[in-house]
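Structure file model07.pdb with PDB, C-alpha atoms:
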ATOM      1  CA  ASP A   1       8.320 -10.688   6.594  1.00  0.00           C
ATOM      2  CA  ALA A   2      11.455  -8.770   7.489  1.00  0.00           C
ATOM      3  CA  LYS A   3      11.229  -5.356   9.084  1.00  0.00           C
ATOM      4  CA  THR A   4      12.552  -2.250   7.347  1.00  0.00           C
ATOM      5  CA  THR A   5      14.009   0.994   8.698  1.00  0.00           C
ATOM      6  CA  GLN A   6      13.804   4.281   6.802  1.00  0.00           C
ATOM      7  CA  PRO A   7      14.585   7.880   7.744  1.00  0.00           C
ATOM      8  CA  PRO A   8      11.351   9.725   8.547  1.00  0.00           C
ATOM      9  CA  SER A   9      12.011  12.590   6.159  1.00  0.00           C
ATOM     10  CA  MET A  10      14.377  13.876   3.473  1.00  0.00           C
ATOM     11  CA  ASP A  11      14.688  16.947   1.306  1.00  0.00           C
ATOM     12  CA  CYS A  12      15.898  17.096  -2.269  1.00  0.00           C
ATOM     13  CA  ALA A  13      16.430  19.954  -4.700  1.00  0.00           C
ATOM     14  CA  GLU A  14      14.401  19.859  -7.868  1.00  0.00           C
ATOM     15  CA  GLY A  15      16.399  18.361 -10.747  1.00  0.00           C
ATOM     16  CA  ARG A  16      18.830  16.588  -8.478  1.00  0.00           C
ATOM     17  CA  ALA A  17      18.932  12.876  -7.728  1.00  0.00           C
ATOM     18  CA  ALA A  18      16.987  11.719  -4.696  1.00  0.00           C
ATOM     19  CA  ASN A  19      18.573   8.782  -2.897  1.00  0.00           C
ATOM     20  CA  LEU A  20      16.277   7.109  -0.380  1.00  0.00           C
ATOM     21  CA  PRO A  21      17.906   4.531   1.897  1.00  0.00           C
ATOM     22  CA  CYS A  22      16.315   1.494   3.503  1.00  0.00           C
ATOM     23  CA  ASN A  23      17.744  -0.989   5.985  1.00  0.00           C
ATOM     24  CA  HIS A  24      16.408  -4.550   6.030  1.00  0.00           C
ATOM     25  CA  SER A  25      19.106  -6.413   7.954  1.00  0.00           C
ATOM     26  CA  THR A  26      16.886  -9.415   8.740  1.00  0.00           C
ATOM     27  CA  ILE A  27      15.892 -10.079   5.144  1.00  0.00           C
ATOM     28  CA  SER A  28      15.856 -13.739   4.191  1.00  0.00           C
ATOM     29  CA  GLY A  29      16.955 -15.330   0.947  1.00  0.00           C
ATOM     30  CA  ASN A  30      13.576 -15.525  -0.740  1.00  0.00           C
ATOM     31  CA  GLU A  31      12.330 -12.065   0.207  1.00  0.00           C
ATOM     32  CA  TYR A  32      11.978  -9.280  -2.321  1.00  0.00           C
ATOM     33  CA  VAL A  33      12.430  -5.576  -1.714  1.00  0.00           C
ATOM     34  CA  TYR A  34       9.532  -3.420  -2.928  1.00  0.00           C
ATOM     35  CA  TRP A  35       9.224   0.336  -3.134  1.00  0.00           C
ATOM     36  CA  TYR A  36       5.946   2.206  -3.218  1.00  0.00           C
ATOM     37  CA  ARG A  37       5.091   5.841  -2.868  1.00  0.00           C
ATOM     38  CA  GLN A  38       1.989   7.679  -1.757  1.00  0.00           C
ATOM     39  CA  ILE A  39       1.344  11.142  -3.027  1.00  0.00           C
ATOM     40  CA  HIS A  40      -0.958  13.152  -0.805  1.00  0.00           C
ATOM     41  CA  SER A  41      -4.599  12.010  -0.938  1.00  0.00           C
ATOM     42  CA  GLN A  42      -3.873   9.219  -3.407  1.00  0.00           C
ATOM     43  CA  GLY A  43      -3.505   5.455  -3.122  1.00  0.00           C
ATOM     44  CA  PRO A  44       0.010   3.980  -2.979  1.00  0.00           C
ATOM     45  CA  GLN A  45       1.773   3.610  -6.313  1.00  0.00           C
ATOM     46  CA  TYR A  46       4.148   0.782  -7.173  1.00  0.00           C
ATOM     47  CA  ILE A  47       7.633   1.971  -8.142  1.00  0.00           C
ATOM     48  CA  ILE A  48      10.013  -0.960  -8.411  1.00  0.00           C
ATOM     49  CA  HIS A  49      11.084  -4.209  -6.780  1.00  0.00           C
ATOM     50  CA  GLY A  50      14.116  -6.505  -6.761  1.00  0.00           C
ATOM     51  CA  LEU A  51      15.618  -9.612  -5.242  1.00  0.00           C
ATOM     52  CA  LYS A  52      19.393  -9.503  -5.625  1.00  0.00           C
ATOM     53  CA  ASN A  53      20.331  -7.555  -8.712  1.00  0.00           C
ATOM     54  CA  ASN A  54      20.020  -3.849  -9.218  1.00  0.00           C
ATOM     55  CA  GLU A  55      16.893  -2.878 -11.120  1.00  0.00           C
ATOM     56  CA  THR A  56      15.938   0.102 -13.256  1.00  0.00           C
ATOM     57  CA  ASN A  57      12.693   1.179 -14.840  1.00  0.00           C
ATOM     58  CA  GLU A  58      11.224   4.391 -16.197  1.00  0.00           C
ATOM     59  CA  MET A  59      10.555   5.723 -12.718  1.00  0.00           C
ATOM     60  CA  ALA A  60      13.592   4.830 -10.653  1.00  0.00           C
ATOM     61  CA  SER A  61      16.589   2.640  -9.942  1.00  0.00           C
ATOM     62  CA  LEU A  62      16.924   0.191  -7.081  1.00  0.00           C
ATOM     63  CA  ILE A  63      20.366  -0.573  -5.719  1.00  0.00           C
ATOM     64  CA  ILE A  64      20.582  -3.580  -3.381  1.00  0.00           C
ATOM     65  CA  THR A  65      23.787  -4.218  -1.459  1.00  0.00           C
ATOM     66  CA  GLU A  66      25.594  -7.490  -1.993  1.00  0.00           C
ATOM     67  CA  ASP A  67      24.618  -8.773   1.456  1.00  0.00           C
ATOM     68  CA  ARG A  68      21.027  -7.603   0.760  1.00  0.00           C
ATOM     69  CA  LYS A  69      20.792  -5.941   4.157  1.00  0.00           C
ATOM     70  CA  SER A  70      20.077  -2.532   2.701  1.00  0.00           C
ATOM     71  CA  SER A  71      18.918  -0.864  -0.479  1.00  0.00           C
ATOM     72  CA  THR A  72      18.631   2.578  -2.031  1.00  0.00           C
ATOM     73  CA  LEU A  73      15.901   3.911  -4.249  1.00  0.00           C
ATOM     74  CA  ILE A  74      17.191   6.498  -6.697  1.00  0.00           C
ATOM     75  CA  LEU A  75      15.006   9.041  -8.455  1.00  0.00           C
ATOM     76  CA  PRO A  76      17.506  10.385 -11.002  1.00  0.00           C
ATOM     77  CA  HIS A  77      16.000  13.824 -11.596  1.00  0.00           C
ATOM     78  CA  ALA A  78      13.510  14.645  -8.888  1.00  0.00           C
ATOM     79  CA  THR A  79      10.595  16.933  -9.718  1.00  0.00           C
ATOM     80  CA  LEU A  80       8.099  18.670  -7.464  1.00  0.00           C
ATOM     81  CA  ARG A  81       5.594  15.936  -8.334  1.00  0.00           C
ATOM     82  CA  ASP A  82       7.873  13.381  -6.688  1.00  0.00           C
ATOM     83  CA  THR A  83       7.047  14.845  -3.282  1.00  0.00           C
ATOM     84  CA  ALA A  84       5.461  11.911  -1.470  1.00  0.00           C
ATOM     85  CA  VAL A  85       5.892   9.315   1.263  1.00  0.00           C
ATOM     86  CA  TYR A  86       8.126   6.485   0.030  1.00  0.00           C
ATOM     87  CA  TYR A  87       7.707   3.029   1.510  1.00  0.00           C
ATOM     88  CA  CYS A  88      10.334   0.294   1.455  1.00  0.00           C
ATOM     89  CA  ILE A  89       8.729  -3.113   2.006  1.00  0.00           C
ATOM     90  CA  VAL A  90      10.157  -6.593   2.209  1.00  0.00           C
ATOM     91  CA  ARG A  91       7.928  -9.455   1.162  1.00  0.00           C
ATOM     92  CA  GLY A  92       8.687 -13.038   0.449  1.00  0.00           C
ATOM     93  CA  GLY A  93       8.000 -16.700   0.602  1.00  0.00           C
ATOM     94  CA  GLY A  94       5.052 -17.892   2.578  1.00  0.00           C
ATOM     95  CA  SER A  95       3.305 -14.562   2.595  1.00  0.00           C
ATOM     96  CA  GLN A  96      -0.252 -14.205   1.414  1.00  0.00           C
ATOM     97  CA  GLY A  97       0.789 -11.621  -1.133  1.00  0.00           C
ATOM     98  CA  ASN A  98      -0.160  -8.617   0.946  1.00  0.00           C
ATOM     99  CA  LEU A  99       2.235  -5.811   1.859  1.00  0.00           C
ATOM    100  CA  ILE A 100       3.122  -4.690   5.363  1.00  0.00           C
ATOM    101  CA  PHE A 101       3.687  -0.932   5.360  1.00  0.00           C
ATOM    102  CA  GLY A 102       6.056   0.829   7.742  1.00  0.00           C
ATOM    103  CA  LYS A 103       6.143   4.563   8.342  1.00  0.00           C
ATOM    104  CA  GLY A 104       8.099   5.373   5.180  1.00  0.00           C
ATOM    105  CA  THR A 105      10.192   8.416   4.263  1.00  0.00           C
ATOM    106  CA  LYS A 106       8.539  11.741   3.539  1.00  0.00           C
ATOM    107  CA  LEU A 107      10.452  13.144   0.570  1.00  0.00           C
ATOM    108  CA  SER A 108      10.064  16.848  -0.045  1.00  0.00           C
ATOM    109  CA  VAL A 109      11.356  18.087  -3.384  1.00  0.00           C
ATOM    110  CA  LYS A 110      12.046  21.808  -3.226  1.00  0.00           C
ATOM    111  CA  PRO A 111      12.428  24.310  -6.070  1.00  0.00           C
TER     112      PRO A 111
ATOM    113  CA  SER B   1      -1.685  -3.364 -14.403  1.00  0.00           C
ATOM    114  CA  ALA B   2      -5.203  -3.026 -13.038  1.00  0.00           C
ATOM    115  CA  VAL B   3      -7.613  -0.106 -12.820  1.00  0.00           C
ATOM    116  CA  ILE B   4      -9.428   0.000  -9.505  1.00  0.00           C
ATOM    117  CA  SER B   5     -12.552   2.027  -8.808  1.00  0.00           C
ATOM    118  CA  GLN B   6     -13.730   2.628  -5.276  1.00  0.00           C
ATOM    119  CA  LYS B   7     -17.094   4.008  -4.226  1.00  0.00           C
ATOM    120  CA  PRO B   8     -17.779   6.214  -2.431  1.00  0.00           C
ATOM    121  CA  SER B   9     -14.628   8.318  -2.715  1.00  0.00           C
ATOM    122  CA  ARG B  10     -15.603  10.067   0.496  1.00  0.00           C
ATOM    123  CA  ASP B  11     -18.492  10.183   2.914  1.00  0.00           C
ATOM    124  CA  ILE B  12     -19.532  11.731   6.189  1.00  0.00           C
ATOM    125  CA  CYS B  13     -21.475   9.404   8.440  1.00  0.00           C
ATOM    126  CA  GLN B  14     -23.212   9.495  11.767  1.00  0.00           C
ATOM    127  CA  ARG B  15     -22.101   7.489  14.748  1.00  0.00           C
ATOM    128  CA  GLY B  16     -23.771   4.089  14.992  1.00  0.00           C
ATOM    129  CA  THR B  17     -24.511   3.737  11.286  1.00  0.00           C
ATOM    130  CA  SER B  18     -22.836   1.414   8.770  1.00  0.00           C
ATOM    131  CA  LEU B  19     -21.285   2.126   5.387  1.00  0.00           C
ATOM    132  CA  THR B  20     -20.429  -0.249   2.562  1.00  0.00           C
ATOM    133  CA  ILE B  21     -17.463   0.534   0.322  1.00  0.00           C
ATOM    134  CA  GLN B  22     -17.268  -1.021  -3.122  1.00  0.00           C
ATOM    135  CA  CYS B  23     -14.148  -1.998  -5.052  1.00  0.00           C
ATOM    136  CA  GLN B  24     -14.437  -2.756  -8.762  1.00  0.00           C
ATOM    137  CA  VAL B  25     -11.474  -3.929 -10.849  1.00  0.00           C
ATOM    138  CA  ASP B  26     -11.307  -3.777 -14.631  1.00  0.00           C
ATOM    139  CA  SER B  27      -9.911  -7.309 -14.905  1.00  0.00           C
ATOM    140  CA  GLN B  28      -9.979 -10.578 -13.010  1.00  0.00           C
ATOM    141  CA  VAL B  29      -7.453 -10.612 -10.189  1.00  0.00           C
ATOM    142  CA  THR B  30      -6.151 -13.341  -7.957  1.00  0.00           C
ATOM    143  CA  MET B  31      -5.823 -11.363  -4.754  1.00  0.00           C
ATOM    144  CA  MET B  32      -7.805  -8.556  -3.185  1.00  0.00           C
ATOM    145  CA  PHE B  33      -7.014  -6.810   0.073  1.00  0.00           C
ATOM    146  CA  TRP B  34      -8.525  -4.096   2.222  1.00  0.00           C
ATOM    147  CA  TYR B  35      -6.342  -1.599   4.066  1.00  0.00           C
ATOM    148  CA  ARG B  36      -7.061   1.198   6.494  1.00  0.00           C
ATOM    149  CA  GLN B  37      -5.076   4.406   6.790  1.00  0.00           C
ATOM    150  CA  GLN B  38      -5.848   6.455   9.876  1.00  0.00           C
ATOM    151  CA  PRO B  39      -5.096  10.182   9.802  1.00  0.00           C
ATOM    152  CA  GLY B  40      -1.358  10.815   9.586  1.00  0.00           C
ATOM    153  CA  GLN B  41      -0.558   7.124   9.754  1.00  0.00           C
ATOM    154  CA  SER B  42       0.696   4.411   7.452  1.00  0.00           C
ATOM    155  CA  LEU B  43      -1.471   1.692   5.922  1.00  0.00           C
ATOM    156  CA  THR B  44      -2.697  -1.243   7.994  1.00  0.00           C
ATOM    157  CA  LEU B  45      -4.006  -4.439   6.430  1.00  0.00           C
ATOM    158  CA  ILE B  46      -7.556  -5.252   7.510  1.00  0.00           C
ATOM    159  CA  ALA B  47      -8.155  -8.496   5.643  1.00  0.00           C
ATOM    160  CA  THR B  48      -7.703 -10.557   2.537  1.00  0.00           C
ATOM    161  CA  ALA B  49     -10.915 -10.864   0.514  1.00  0.00           C
ATOM    162  CA  ASN B  50     -11.271 -14.455  -0.642  1.00  0.00           C
ATOM    163  CA  GLN B  51     -13.442 -15.239  -3.617  1.00  0.00           C
ATOM    164  CA  GLY B  52     -16.334 -17.466  -2.660  1.00  0.00           C
ATOM    165  CA  SER B  53     -15.346 -17.859   0.978  1.00  0.00           C
ATOM    166  CA  GLU B  54     -14.960 -15.900   4.194  1.00  0.00           C
ATOM    167  CA  ALA B  55     -12.305 -13.208   4.336  1.00  0.00           C
ATOM    168  CA  THR B  56      -9.084 -13.722   6.272  1.00  0.00           C
ATOM    169  CA  TYR B  57      -8.743 -11.036   8.951  1.00  0.00           C
ATOM    170  CA  GLU B  58      -5.600  -9.614  10.484  1.00  0.00           C
ATOM    171  CA  SER B  59      -5.098  -9.364  14.204  1.00  0.00           C
ATOM    172  CA  GLY B  60      -7.259  -6.632  15.662  1.00  0.00           C
ATOM    173  CA  PHE B  61      -9.931  -6.786  12.962  1.00  0.00           C
ATOM    174  CA  VAL B  62     -13.080  -8.904  13.176  1.00  0.00           C
ATOM    175  CA  ILE B  63     -15.789  -9.909  10.767  1.00  0.00           C
ATOM    176  CA  ASP B  64     -18.616  -8.404  12.823  1.00  0.00           C
ATOM    177  CA  LYS B  65     -17.051  -4.962  12.551  1.00  0.00           C
ATOM    178  CA  PHE B  66     -15.688  -5.213   9.004  1.00  0.00           C
ATOM    179  CA  PRO B  67     -17.726  -7.728   7.002  1.00  0.00           C
ATOM    180  CA  ILE B  68     -16.274  -8.335   3.548  1.00  0.00           C
ATOM    181  CA  SER B  69     -17.763  -9.892   0.461  1.00  0.00           C
ATOM    182  CA  ARG B  70     -16.067 -11.032  -2.705  1.00  0.00           C
ATOM    183  CA  PRO B  71     -18.608 -12.645  -5.008  1.00  0.00           C
ATOM    184  CA  ASN B  72     -16.314 -12.821  -8.042  1.00  0.00           C
ATOM    185  CA  LEU B  73     -12.791 -12.074  -9.267  1.00  0.00           C
ATOM    186  CA  THR B  74     -13.430  -8.411 -10.066  1.00  0.00           C
ATOM    187  CA  PHE B  75     -15.504  -7.081  -7.161  1.00  0.00           C
ATOM    188  CA  SER B  76     -15.414  -6.799  -3.385  1.00  0.00           C
ATOM    189  CA  THR B  77     -17.137  -4.819  -0.661  1.00  0.00           C
ATOM    190  CA  LEU B  78     -16.043  -3.748   2.801  1.00  0.00           C
ATOM    191  CA  THR B  79     -18.639  -2.679   5.352  1.00  0.00           C
ATOM    192  CA  VAL B  80     -17.691  -0.585   8.346  1.00  0.00           C
ATOM    193  CA  SER B  81     -20.353  -1.428  10.933  1.00  0.00           C
ATOM    194  CA  ASN B  82     -21.658   0.521  13.894  1.00  0.00           C
ATOM    195  CA  MET B  83     -19.256   3.349  13.203  1.00  0.00           C
ATOM    196  CA  SER B  84     -17.592   5.541  15.790  1.00  0.00           C
ATOM    197  CA  PRO B  85     -15.333   8.584  15.298  1.00  0.00           C
ATOM    198  CA  GLU B  86     -12.321   6.253  15.686  1.00  0.00           C
ATOM    199  CA  ASP B  87     -13.305   4.651  12.371  1.00  0.00           C
ATOM    200  CA  SER B  88     -12.587   7.894  10.528  1.00  0.00           C
ATOM    201  CA  SER B  89      -9.937   6.795   8.049  1.00  0.00           C
ATOM    202  CA  ILE B  90      -9.146   6.198   4.433  1.00  0.00           C
ATOM    203  CA  TYR B  91     -10.073   2.686   3.373  1.00  0.00           C
ATOM    204  CA  LEU B  92      -8.156   1.314   0.410  1.00  0.00           C
ATOM    205  CA  CYS B  93      -8.748  -1.642  -1.862  1.00  0.00           C
ATOM    206  CA  SER B  94      -5.678  -3.362  -3.270  1.00  0.00           C
ATOM    207  CA  VAL B  95      -5.321  -6.103  -5.870  1.00  0.00           C
ATOM    208  CA  GLY B  96      -2.590  -8.434  -7.005  1.00  0.00           C
ATOM    209  CA  THR B  97      -2.407  -9.788 -10.494  1.00  0.00           C
ATOM    210  CA  GLY B  98       0.664 -11.985 -10.449  1.00  0.00           C
ATOM    211  CA  SER B  99       2.660 -14.330  -8.335  1.00  0.00           C
ATOM    212  CA  THR B 100       2.256 -13.939  -4.586  1.00  0.00           C
ATOM    213  CA  ASN B 101       5.964 -13.295  -4.189  1.00  0.00           C
ATOM    214  CA  THR B 102       6.903 -11.274  -7.206  1.00  0.00           C
ATOM    215  CA  GLY B 103       3.767  -9.541  -8.316  1.00  0.00           C
ATOM    216  CA  GLU B 104       3.189  -5.955  -7.343  1.00  0.00           C
ATOM    217  CA  LEU B 105      -0.039  -4.743  -5.784  1.00  0.00           C
ATOM    218  CA  PHE B 106      -2.216  -1.989  -7.223  1.00  0.00           C
ATOM    219  CA  PHE B 107      -4.249   0.332  -5.070  1.00  0.00           C
ATOM    220  CA  GLY B 108      -7.460   2.220  -5.518  1.00  0.00           C
ATOM    221  CA  GLU B 109      -7.662   5.905  -4.668  1.00  0.00           C
ATOM    222  CA  GLY B 110      -9.309   5.113  -1.371  1.00  0.00           C
ATOM    223  CA  SER B 111     -12.563   5.964   0.363  1.00  0.00           C
ATOM    224  CA  ARG B 112     -12.221   8.765   2.902  1.00  0.00           C
ATOM    225  CA  LEU B 113     -14.653   8.217   5.750  1.00  0.00           C
ATOM    226  CA  THR B 114     -15.452  10.777   8.407  1.00  0.00           C
ATOM    227  CA  VAL B 115     -17.608   9.720  11.336  1.00  0.00           C
ATOM    228  CA  LEU B 116     -19.267  12.422  13.402  1.00  0.00           C
TER     229      LEU B 116
END
Using structure tokens, write down the structure that the file contains.
Amino acid sequence: DAKTTQPPSMDCAEGRAANLPCNHSTISGNEYVYWYRQIHSQGPQYIIHGLKNNETNEMASLIITEDRKSSTLILPHATLRDTAVYYCIVRGGGSQGNLIFGKGTKLSVKP
Amino acid sequence: SAVISQKPSRDICQRGTSLTIQCQVDSQVTMMFWYRQQPGQSLTLIATANQGSEATYESGFVIDKFPISRPNLTFSTLTVSNMSPEDSSIYLCSVGTGSTNTGELFFGEGSRLTVL
């Protein structure tokens, strides 16, 4: 599975959009981009995933560049409860279905 | 989605003892995994729990230290054997319900283990 690179930490003002970047320059054609988050003392929570097209659900939007070498997770109106570590993970063909976690981005939403 | 229950949620154990962690899912699932999260670190995959056969371990993890059972499609156990303080971690059960490539994984709340 391709490796991802994320900034170690980011701050965001409450009510503003949080844009979390992820680089995955070695991604291959059949690999998906997944985003999870882990709020303190809880298990990781699935947010969204995509292959080529941009995706949106009730939690967030995922923007994948045309060359698929990077993506951005967007939380449109961040709240204090969105403070968490956000993991960008690439997973694809041939894998056993598990996820390989990197260090993630610690997002702090401030009042 | 899947609801995952882990027991115990936390425990304090003595060096040299063993502890078995249980993972119960509210529906049949195709894939079950065990992860470890050491203090301040990210998650590391320990093994894939295979139903009716031996688990598949990742590099650095062995069956003698982390024996795993999966008797059916809704239940698995992870045992941490002969514990040392270095085993103090959160152990998480994870399940997949869909395709290996497109299905998301769901995680339990974890079992926080402290070894004295």
*Using only C-alpha atoms, find the one residue out of A:Arg91, A:Thr79, A:Ala84, A:Ile74 that sits nearest to Leu62 of chain A.*
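With only C-alpha atoms as the atom set, the closest residue is A:Ile74.
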*Evaluate the ChimeraX specification (/B :<10) & /A here and jot the selected residues down as number ranges by chain.*
A: 30-36, 38, 41-51, 85, 87, 91-104
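Atom CA of Ala2 of chain B lies 26.1 Å from atom CA of Lys106 of chain A.
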*asked:* the PyMOL selection byres ((chain B and resi 78-84) around 7) - which residues does that actually catch in the file I just gave you? List them as a list in words.
replied: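 Applied to this file, the PyMOL selection byres ((chain B and resi 78-84) around 7) selects Arg15, Gly16, Thr17, Ser18, Leu19, Thr20, Ile21, Gln22, Lys65, Phe66, Pro67, Ile68, Ser69, Ser76, Thr77, Pro85, Glu86, Asp87 and Val115 of chain B.
Between Leu113 of chain B and the candidates B:Gln6, B:Ile46, B:Tyr57, B:Ser89, the tightest atom-to-atom separation, counting only C-alpha atoms, involves B:Ser89.
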*Gap from atom CA of Thr97 of chain B to atom CA of Gln28 of chain B - Å, one decimal*: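 Taking atom CA of Thr97 of chain B and atom CA of Gln28 of chain B, their separation equals 8.0 Å.
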*Spell out the residues picked by the PyMOL selection byres ((chain A and resi 17) around 6) here, as a list in words.*
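Residues picked by the PyMOL selection byres ((chain A and resi 17) around 6): Arg16, Ala18, Leu75, Pro76, His77 and Ala78 of chain A.
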Could you work out an axis-aligned bounding box for all listed atoms of segment 84-90 of chain A, with 6 Å added on each of the six sides, and give its centre and edge lengths in Å to one decimal, as AutoDock Vina command-line options?
--center_x 7.9 --center_y 2.7 --center_z 0.4 --size_x 16.9 --size_y 30.5 --size_z 15.7
*So what do you get for atom CA of Asn57 of chain A versus atom CA of Asp82 of chain A, distance-wise?*
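Between atom CA of Asn57 of chain A and atom CA of Asp82 of chain A the gap works out to 15.4 Å.
With distances taken over all atoms listed in the file, A:Ser70 is the one residue among A:Ser9, A:Ser70, A:Asn53, A:Ser61 lying closest to Asn23 of chain A.
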*In the coordinate frame of the file, compute which residues have an atom within 10 Å of (-14.5, -16.1, 0.1) when using all atoms listed in the file, and state them as a VMD selection string.*
chain B and resid 48 to 56 68 to 72 76
*Which protein, DNA or RNA residues are at most 12 Å from (23.3, -11.5, 0.9) in the file's coordinates when you count only C-alpha atoms, listed as a ChimeraX atom specification?*
/A:24-32,51-53,64-71
*Looking at only C-alpha atoms, which of B:Val25, B:Lys7, B:Leu73, B:Arg36 is the one that sits closest to Glu58 of chain B?*
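With only C-alpha atoms as the atom set, the closest residue is B:Arg36.
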